[in-house]
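Participant: To start, I am sharing the structure in question, which I have written as structure tokens.
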Amino acid sequence: MHASVVVFMDGDMRGPILNQINMLIEGIRSRGLDMALTDCYQNYFNSDPLAQLVLYFRKELNMALGLFPEIGVACPSHGPHAVSCKLLREIPLKELAIPPVSLALAGKAELHIGVAASIPHCLLGSNLRSQKHVTRVAETIIGDCIEALEVYNGQPRTRTYKGQVFLGYHPNRDFKTLANFLA
């Protein structure tokens with residue numbers, strides 16, 4: 001691999017985020033981060049109950065990883081993030097498909113993780129979607145965080161919490177195409 005930094009971002013982000021992208025790259029190159037995150041909830045208060053639930057699970061994951069004091073509720077599944085070549089060598093590439101799992105594995109490998117940029121969620125410029133879409137995205141992120149906690153703790157993967165399964169868009173992920181690409 002010849003890249004020193006790989007940046008991930010959602011294809012529908014069209015907000016003014018070029019400065020943040022550059023900050024992520026600098027976080028890898030200058031600060032020695034292996035995973036540079038964007039903080040989209042600087043004060044991490046959101047009155048929406050669904051958003052609060054997502055933030056709760058992100059906080060639980062980051063606390064379990066011992067990263068909450070440094071990164072708050074930042075997570076690679078929200079906002080652009082960047083990873084180092086070192087991270088790409090340390091973590092199986094298929095795990096990047098579930099961003100919180102990649103965070104958990106980076107934490108387990110004691111890679112350097114930090115926030116390198118911040119931008120309020122509303123400035124990411126993502127398209128407005130239906131409430132059904134918003135709910136499915138939230139369920140996806142919650143399930144990803146639950147799964148990441150299990151991976152971090154060396155337990156069988158699950159997306160279930162207190163009897164509720166959080167799938168969201170997870171069944172729509174095309175792991176077969178990813179496996180073929182990696183082969």
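Labels for the structure tokens follow display order: chains A, B, ..., residues from 1 in each chain, ligands from 1.
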Please identify which residues in region 63-161 of chain A DSSP calls strand (DSSP E or B) from the backbone, and express them as a list in words.
Facilitator: His81, Ala82, Val83, Ser84, Ile113, Gly114, Val115, Ala116, Ala117, Ser118, Thr160 and Tyr161 of chain A
Participant: Would you put the residues from that selection into a file with C-alpha atoms, as a tab-separated table (two decimals), in the first residue's frame?
Facilitator:
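Saved as part.tsv:
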chain	number	residue	atom	x	y	z
A	81	HIS	CA	-12.45	10.30	9.43
A	82	ALA	CA	-8.96	9.31	8.36
A	83	VAL	CA	-6.77	6.30	9.06
A	84	SER	CA	-3.06	5.67	8.80
A	113	ILE	CA	-6.86	7.55	18.18
A	114	GLY	CA	-7.93	11.16	18.51
A	115	VAL	CA	-10.18	13.95	17.35
A	116	ALA	CA	-8.47	16.01	14.67
A	117	ALA	CA	-11.43	18.06	13.42
A	118	SER	CA	-14.80	19.26	14.54
A	160	THR	CA	-28.77	-7.24	20.58
A	161	TYR	CA	-29.18	-5.16	23.72
Participant: Give me, as JSON, numbers by chain, all polymer residues having an atom no more than 6 Å from region 135-144 of chain A, counting only C-alpha atoms and skipping those fewer than 6 positions away in the same chain.
Facilitator: {"A": [54, 100, 159, 166, 167, 168, 169, 170]}
Participant: Go ahead and save the picked residues with N, CA, C and O atoms, as an mmCIF file, in the first residue's frame.
Facilitator:
data_model
loop_
_atom_site.group_PDB
_atom_site.id
_atom_site.type_symbol
_atom_site.label_atom_id
_atom_site.label_comp_id
_atom_site.auth_asym_id
_atom_site.auth_seq_id
_atom_site.Cartn_x
_atom_site.Cartn_y
_atom_site.Cartn_z
ATOM 1 N N VAL A 54 -28.415 7.039 20.360
ATOM 2 C CA VAL A 54 -27.194 6.818 19.573
ATOM 3 C C VAL A 54 -25.981 7.320 20.353
ATOM 4 O O VAL A 54 -24.964 6.626 20.473
ATOM 5 N N PRO A 100 -17.513 1.424 13.908
ATOM 6 C CA PRO A 100 -17.195 1.289 15.327
ATOM 7 C C PRO A 100 -16.357 0.046 15.645
ATOM 8 O O PRO A 100 -15.577 0.061 16.599
ATOM 9 N N ARG A 159 -25.834 -7.907 17.878
ATOM 10 C CA ARG A 159 -26.372 -6.554 17.721
ATOM 11 C C ARG A 159 -27.598 -6.406 18.615
ATOM 12 O O ARG A 159 -28.482 -5.613 18.346
ATOM 13 N N PHE A 166 -30.705 -4.501 17.016
ATOM 14 C CA PHE A 166 -30.512 -3.247 16.279
ATOM 15 C C PHE A 166 -29.819 -3.561 14.960
ATOM 16 O O PHE A 166 -28.602 -3.672 14.891
ATOM 17 N N LEU A 167 -30.623 -3.728 13.910
ATOM 18 C CA LEU A 167 -30.072 -4.048 12.600
ATOM 19 C C LEU A 167 -29.938 -2.823 11.712
ATOM 20 O O LEU A 167 -28.914 -2.638 11.076
ATOM 21 N N GLY A 168 -30.982 -1.999 11.628
ATOM 22 C CA GLY A 168 -30.930 -0.860 10.723
ATOM 23 C C GLY A 168 -30.625 -1.318 9.315
ATOM 24 O O GLY A 168 -31.253 -2.233 8.782
ATOM 25 N N TYR A 169 -29.612 -0.709 8.710
ATOM 26 C CA TYR A 169 -29.213 -1.058 7.350
ATOM 27 C C TYR A 169 -28.181 -2.185 7.304
ATOM 28 O O TYR A 169 -27.708 -2.549 6.229
ATOM 29 N N HIS A 170 -27.807 -2.734 8.455
ATOM 30 C CA HIS A 170 -26.763 -3.754 8.490
ATOM 31 C C HIS A 170 -27.007 -4.919 7.520
ATOM 32 O O HIS A 170 -26.073 -5.327 6.817
#
Participant: Would you compute the distance between CA of His133 (chain A) and CA of Gly72 (chain A)? Give it in Å to one decimal.
Facilitator: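 Distance reported for this atom pair: 25.4 Å.
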Participant: So how many Å separate CA of Leu105 (chain A) and CA of Val151 (chain A), to one decimal?
Facilitator: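 Computing the Euclidean distance for CA of Leu105 (chain A) and CA of Val151 (chain A) yields 7.6 Å.
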Participant: Skip Pro120 (chain A) itself and residues of its chain fewer than 6 positions away, then list as a ChimeraX atom specification all residues within 9 Å of it, counting only C-alpha atoms.
Facilitator: /A:39-42
Participant: Please, could you write that set of residues out with all heavy atoms as a PDB file, in the first residue's frame?
Facilitator:
ATOM      1  N   ASP A  39     -15.332  15.382  15.405  1.00  0.00           N
ATOM      2  CA  ASP A  39     -16.319  15.530  16.470  1.00  0.00           C
ATOM      3  C   ASP A  39     -17.490  16.348  15.918  1.00  0.00           C
ATOM      4  O   ASP A  39     -17.329  17.521  15.604  1.00  0.00           O
ATOM      5  CB  ASP A  39     -15.697  16.227  17.678  1.00  0.00           C
ATOM      6  CG  ASP A  39     -16.650  16.348  18.854  1.00  0.00           C
ATOM      7  OD1 ASP A  39     -17.821  15.920  18.730  1.00  0.00           O
ATOM      8  OD2 ASP A  39     -16.226  16.878  19.885  1.00  0.00           O
ATOM      9  N   CYS A  40     -18.632  15.698  15.779  1.00  0.00           N
ATOM     10  CA  CYS A  40     -19.827  16.372  15.254  1.00  0.00           C
ATOM     11  C   CYS A  40     -20.786  16.775  16.372  1.00  0.00           C
ATOM     12  O   CYS A  40     -21.850  17.326  16.106  1.00  0.00           O
ATOM     13  CB  CYS A  40     -20.540  15.464  14.257  1.00  0.00           C
ATOM     14  SG  CYS A  40     -19.531  15.058  12.824  1.00  0.00           S
ATOM     15  N   TYR A  41     -20.432  16.457  17.602  1.00  0.00           N
ATOM     16  CA  TYR A  41     -21.262  16.806  18.756  1.00  0.00           C
ATOM     17  C   TYR A  41     -20.369  17.354  19.855  1.00  0.00           C
ATOM     18  O   TYR A  41     -20.167  16.718  20.885  1.00  0.00           O
ATOM     19  CB  TYR A  41     -22.028  15.580  19.276  1.00  0.00           C
ATOM     20  CG  TYR A  41     -23.137  15.141  18.366  1.00  0.00           C
ATOM     21  CD1 TYR A  41     -22.966  14.081  17.497  1.00  0.00           C
ATOM     22  CD2 TYR A  41     -24.366  15.801  18.374  1.00  0.00           C
ATOM     23  CE1 TYR A  41     -23.981  13.676  16.662  1.00  0.00           C
ATOM     24  CE2 TYR A  41     -25.389  15.403  17.539  1.00  0.00           C
ATOM     25  CZ  TYR A  41     -25.188  14.338  16.684  1.00  0.00           C
ATOM     26  OH  TYR A  41     -26.198  13.944  15.856  1.00  0.00           O
ATOM     27  N   GLN A  42     -19.829  18.555  19.641  1.00  0.00           N
ATOM     28  CA  GLN A  42     -18.889  19.136  20.592  1.00  0.00           C
ATOM     29  C   GLN A  42     -19.459  19.203  22.006  1.00  0.00           C
ATOM     30  O   GLN A  42     -18.774  18.909  22.965  1.00  0.00           O
ATOM     31  CB  GLN A  42     -18.441  20.536  20.152  1.00  0.00           C
ATOM     32  CG  GLN A  42     -17.638  20.544  18.871  1.00  0.00           C
ATOM     33  CD  GLN A  42     -18.489  20.595  17.616  1.00  0.00           C
ATOM     34  OE1 GLN A  42     -19.710  20.550  17.657  1.00  0.00           O
ATOM     35  NE2 GLN A  42     -17.844  20.669  16.484  1.00  0.00           N
TER      36      GLN A  42
END
